[in-house]
Amino acid sequence: MKNVHLIAACGVGMASLAGMLMEKGCRVTGSDANVYPPMSTQLENLGIRLASPYAAENIPSDADLVVVGNAVSRGNPEAQEAVRRGVPTLSMPQAVARYFIEERESIVVAGTHGKTTTTSLA
């Protein structure tokens with residue numbers, strides 16, 4: 001996995017994943033229907049090229065993996081293009097699990113109140 005394209009890249013989780021993938025040495029591109037700060041600024045500062053609106057041609061020809069954001073429908077032209085080309089696709093949670101959590105012990109903090117405080121204690 002060297003070239004990763006993120007569909008719906010401007011969400012907080014997807015933008016964070018983009019940075020983590022870059023730290024692993026991946027070349028990352030992305031697209032979103034709505035490209036605006038602060039996430040677009042964060043991605044641009046990382047050197048990630050963003051495309052908008054969604055279009056099949058946004059997926060680079062050398063993409064090894066496409067990560068599909070949770071807000072993306074099956075009718076999305078980029079998701080359909082990835083399937084048509086046979087490019088492997090993962091959801092954001094699947095990508096995080098496969099490339100960053102697998103074979104590690106993890107702790108999940110959930111709930112309405114206290115997640116940040118609890119996390120800071122770890």
# chains A, B, ... in the order shown; residues from 1 in each chain; ligands from 1
$ select_by_dssp --residues "segment 5-50 of chain A" --states "helix (DSSP H, G or I)" --output "ChimeraX atom specification"
/A:12-23,39-45
$ write_last_selection --atoms "C-alpha atoms" --output "PDB file, in the first residue's frame"
ATOM      1  CA  VAL A  12     -12.144  14.977  11.213  1.00  0.00           C
ATOM      2  CA  GLY A  13     -11.524  11.221  11.328  1.00  0.00           C
ATOM      3  CA  MET A  14     -10.576  10.901   7.668  1.00  0.00           C
ATOM      4  CA  ALA A  15      -8.226  13.904   7.804  1.00  0.00           C
ATOM      5  CA  SER A  16      -6.518  12.372  10.834  1.00  0.00           C
ATOM      6  CA  LEU A  17      -6.238   9.053   9.003  1.00  0.00           C
ATOM      7  CA  ALA A  18      -4.650  10.900   6.065  1.00  0.00           C
ATOM      8  CA  GLY A  19      -1.935  12.263   8.340  1.00  0.00           C
ATOM      9  CA  MET A  20      -1.313   8.854   9.888  1.00  0.00           C
ATOM     10  CA  LEU A  21      -1.017   7.245   6.442  1.00  0.00           C
ATOM     11  CA  MET A  22       1.484   9.906   5.380  1.00  0.00           C
ATOM     12  CA  GLU A  23       3.547   9.173   8.496  1.00  0.00           C
ATOM     13  CA  MET A  39      -9.768  20.244   7.698  1.00  0.00           C
ATOM     14  CA  SER A  40      -8.956  21.361   4.155  1.00  0.00           C
ATOM     15  CA  THR A  41      -6.188  23.577   5.559  1.00  0.00           C
ATOM     16  CA  GLN A  42      -4.809  20.693   7.632  1.00  0.00           C
ATOM     17  CA  LEU A  43      -4.756  18.408   4.592  1.00  0.00           C
ATOM     18  CA  GLU A  44      -3.184  21.038   2.346  1.00  0.00           C
ATOM     19  CA  ASN A  45      -0.498  21.695   4.985  1.00  0.00           C
TER      20      ASN A  45
END
$ atom_distance --atom1 "atom CA of Asn70 of chain A" --atom2 "atom CA of Thr118 of chain A"
25.9 Å
$ closest_residue --among "A:Glu105, A:Gln80, A:Thr116, A:Val68" --to "Pro93 of chain A" --atoms "only C-alpha atoms"
A:Val68
$ residues_around --residues "Val66 of chain A" --least-positions-apart "4" --cutoff "12 Å" --atoms "only C-alpha atoms" --output "compact mmCIF listing (two decimals) with C-alpha atoms, in the first residue's frame"
# COMPACT_ATOMS: atom_id res chain seq x y z
CA MET A 1 0.00 0.00 0.00
CA LYS A 2 1.75 3.11 -1.25
CA ASN A 3 -0.94 5.25 -2.91
CA VAL A 4 -4.15 5.82 -0.97
CA HIS A 5 -7.17 7.87 -2.02
CA LEU A 6 -9.67 9.02 0.64
CA ILE A 7 -13.28 9.66 -0.35
CA ALA A 8 -14.82 12.24 2.05
CA ALA A 9 -11.36 13.31 3.19
CA MET A 14 -10.58 10.90 7.67
CA ALA A 18 -4.65 10.90 6.07
CA ARG A 27 1.17 9.10 -0.86
CA VAL A 28 -2.34 10.30 -0.05
CA THR A 29 -4.92 12.06 -2.21
CA GLY A 30 -8.47 12.91 -1.27
CA SER A 31 -11.79 14.31 -2.30
CA ASN A 58 -10.36 11.99 -9.01
CA ILE A 59 -9.01 8.53 -8.18
CA PRO A 60 -5.37 8.40 -9.31
CA SER A 61 -4.55 5.68 -11.83
CA ASP A 62 -1.92 4.27 -9.44
CA GLU A 78 -15.52 7.56 -6.97
CA ALA A 79 -16.68 4.54 -4.99
CA GLN A 80 -18.17 3.08 -8.17
CA GLU A 81 -14.95 3.76 -10.09
CA ALA A 82 -12.84 2.03 -7.45
CA VAL A 83 -15.05 -1.06 -7.71
CA ARG A 85 -11.17 -0.80 -11.54
CA GLY A 86 -10.85 -3.49 -8.89
CA VAL A 87 -9.03 -1.18 -6.47
CA PRO A 88 -9.31 -2.54 -2.91
CA THR A 89 -11.64 -0.45 -0.75
CA LEU A 90 -11.94 -0.16 3.02
CA SER A 91 -14.10 1.90 5.34
CA MET A 92 -12.28 4.30 7.66
CA GLN A 94 -11.45 -0.98 8.65
CA ALA A 95 -8.38 1.00 7.53
$ closest_residue --among "A:Leu121, A:Ala33, A:Val96, A:Cys26" --to "Asp64 of chain A" --atoms "only C-alpha atoms"
A:Cys26
$ closest_residue --among "A:Arg98, A:Lys115, A:Tyr54, A:Ser120" --to "Val72 of chain A" --atoms "only C-alpha atoms"
A:Tyr54
$ atom_distance --atom1 "atom CA of Ser106 of chain A" --atom2 "atom CA of Val67 of chain A"
21.7 Å
$ atom_distance --atom1 "atom CA of Pro53 of chain A" --atom2 "atom CA of Asn34 of chain A"
7.5 Å
$ select_by_dssp --residues "chain A" --states "strand (DSSP E or B)" --output "PDB file with N, CA and C atoms, in the first residue's frame"
ATOM      1  N   ASN A   3      -0.125   4.143  -2.425  1.00  0.00           N
ATOM      2  CA  ASN A   3      -0.939   5.254  -2.911  1.00  0.00           C
ATOM      3  C   ASN A   3      -2.379   5.062  -2.462  1.00  0.00           C
ATOM      4  N   VAL A   4      -2.831   5.958  -1.590  1.00  0.00           N
ATOM      5  CA  VAL A   4      -4.147   5.819  -0.972  1.00  0.00           C
ATOM      6  C   VAL A   4      -4.991   7.039  -1.320  1.00  0.00           C
ATOM      7  N   HIS A   5      -6.221   6.789  -1.742  1.00  0.00           N
ATOM      8  CA  HIS A   5      -7.173   7.871  -2.015  1.00  0.00           C
ATOM      9  C   HIS A   5      -8.290   7.798  -0.984  1.00  0.00           C
ATOM     10  N   LEU A   6      -8.612   8.943  -0.366  1.00  0.00           N
ATOM     11  CA  LEU A   6      -9.668   9.016   0.641  1.00  0.00           C
ATOM     12  C   LEU A   6     -10.884   9.729   0.067  1.00  0.00           C
ATOM     13  N   ILE A   7     -12.021   9.048   0.070  1.00  0.00           N
ATOM     14  CA  ILE A   7     -13.279   9.659  -0.354  1.00  0.00           C
ATOM     15  C   ILE A   7     -13.958  10.204   0.898  1.00  0.00           C
ATOM     16  N   ARG A  27       1.582   7.901  -0.133  1.00  0.00           N
ATOM     17  CA  ARG A  27       1.173   9.098  -0.864  1.00  0.00           C
ATOM     18  C   ARG A  27      -0.345   9.119  -0.777  1.00  0.00           C
ATOM     19  N   VAL A  28      -0.905  10.224  -0.309  1.00  0.00           N
ATOM     20  CA  VAL A  28      -2.338  10.304  -0.050  1.00  0.00           C
ATOM     21  C   VAL A  28      -2.954  11.402  -0.905  1.00  0.00           C
ATOM     22  N   THR A  29      -4.084  11.072  -1.530  1.00  0.00           N
ATOM     23  CA  THR A  29      -4.918  12.060  -2.208  1.00  0.00           C
ATOM     24  C   THR A  29      -6.300  11.958  -1.593  1.00  0.00           C
ATOM     25  N   GLY A  30      -7.134  12.958  -1.851  1.00  0.00           N
ATOM     26  CA  GLY A  30      -8.465  12.909  -1.272  1.00  0.00           C
ATOM     27  C   GLY A  30      -9.456  13.750  -2.035  1.00  0.00           C
ATOM     28  N   SER A  31     -10.715  13.540  -1.700  1.00  0.00           N
ATOM     29  CA  SER A  31     -11.788  14.313  -2.302  1.00  0.00           C
ATOM     30  C   SER A  31     -12.903  14.472  -1.287  1.00  0.00           C
ATOM     31  N   ARG A  49      -3.334  16.584  -1.969  1.00  0.00           N
ATOM     32  CA  ARG A  49      -4.140  17.204  -3.017  1.00  0.00           C
ATOM     33  C   ARG A  49      -5.600  16.828  -2.806  1.00  0.00           C
ATOM     34  N   LEU A  50      -6.465  17.846  -2.779  1.00  0.00           N
ATOM     35  CA  LEU A  50      -7.896  17.612  -2.600  1.00  0.00           C
ATOM     36  C   LEU A  50      -8.641  17.944  -3.883  1.00  0.00           C
ATOM     37  N   ALA A  51      -9.644  17.138  -4.189  1.00  0.00           N
ATOM     38  CA  ALA A  51     -10.485  17.381  -5.352  1.00  0.00           C
ATOM     39  C   ALA A  51     -11.930  17.544  -4.894  1.00  0.00           C
ATOM     40  N   LEU A  65      -5.238   1.641  -2.853  1.00  0.00           N
ATOM     41  CA  LEU A  65      -6.298   1.490  -1.862  1.00  0.00           C
ATOM     42  C   LEU A  65      -7.166   2.729  -1.893  1.00  0.00           C
ATOM     43  N   VAL A  66      -8.472   2.524  -1.743  1.00  0.00           N
ATOM     44  CA  VAL A  66      -9.414   3.629  -1.588  1.00  0.00           C
ATOM     45  C   VAL A  66     -10.109   3.442  -0.251  1.00  0.00           C
ATOM     46  N   VAL A  67     -10.066   4.486   0.579  1.00  0.00           N
ATOM     47  CA  VAL A  67     -10.757   4.467   1.864  1.00  0.00           C
ATOM     48  C   VAL A  67     -12.008   5.316   1.706  1.00  0.00           C
ATOM     49  N   VAL A  68     -13.152   4.715   2.027  1.00  0.00           N
ATOM     50  CA  VAL A  68     -14.449   5.353   1.825  1.00  0.00           C
ATOM     51  C   VAL A  68     -14.986   5.842   3.161  1.00  0.00           C
ATOM     52  N   THR A  89     -11.014  -1.526  -1.511  1.00  0.00           N
ATOM     53  CA  THR A  89     -11.645  -0.449  -0.748  1.00  0.00           C
ATOM     54  C   THR A  89     -11.846  -0.893   0.693  1.00  0.00           C
ATOM     55  N   LEU A  90     -11.693   0.065   1.601  1.00  0.00           N
ATOM     56  CA  LEU A  90     -11.944  -0.155   3.021  1.00  0.00           C
ATOM     57  C   LEU A  90     -12.727   1.025   3.562  1.00  0.00           C
ATOM     58  N   SER A  91     -13.495   0.787   4.607  1.00  0.00           N
ATOM     59  CA  SER A  91     -14.096   1.895   5.341  1.00  0.00           C
ATOM     60  C   SER A  91     -13.012   2.504   6.229  1.00  0.00           C
TER      61      SER A  91
END
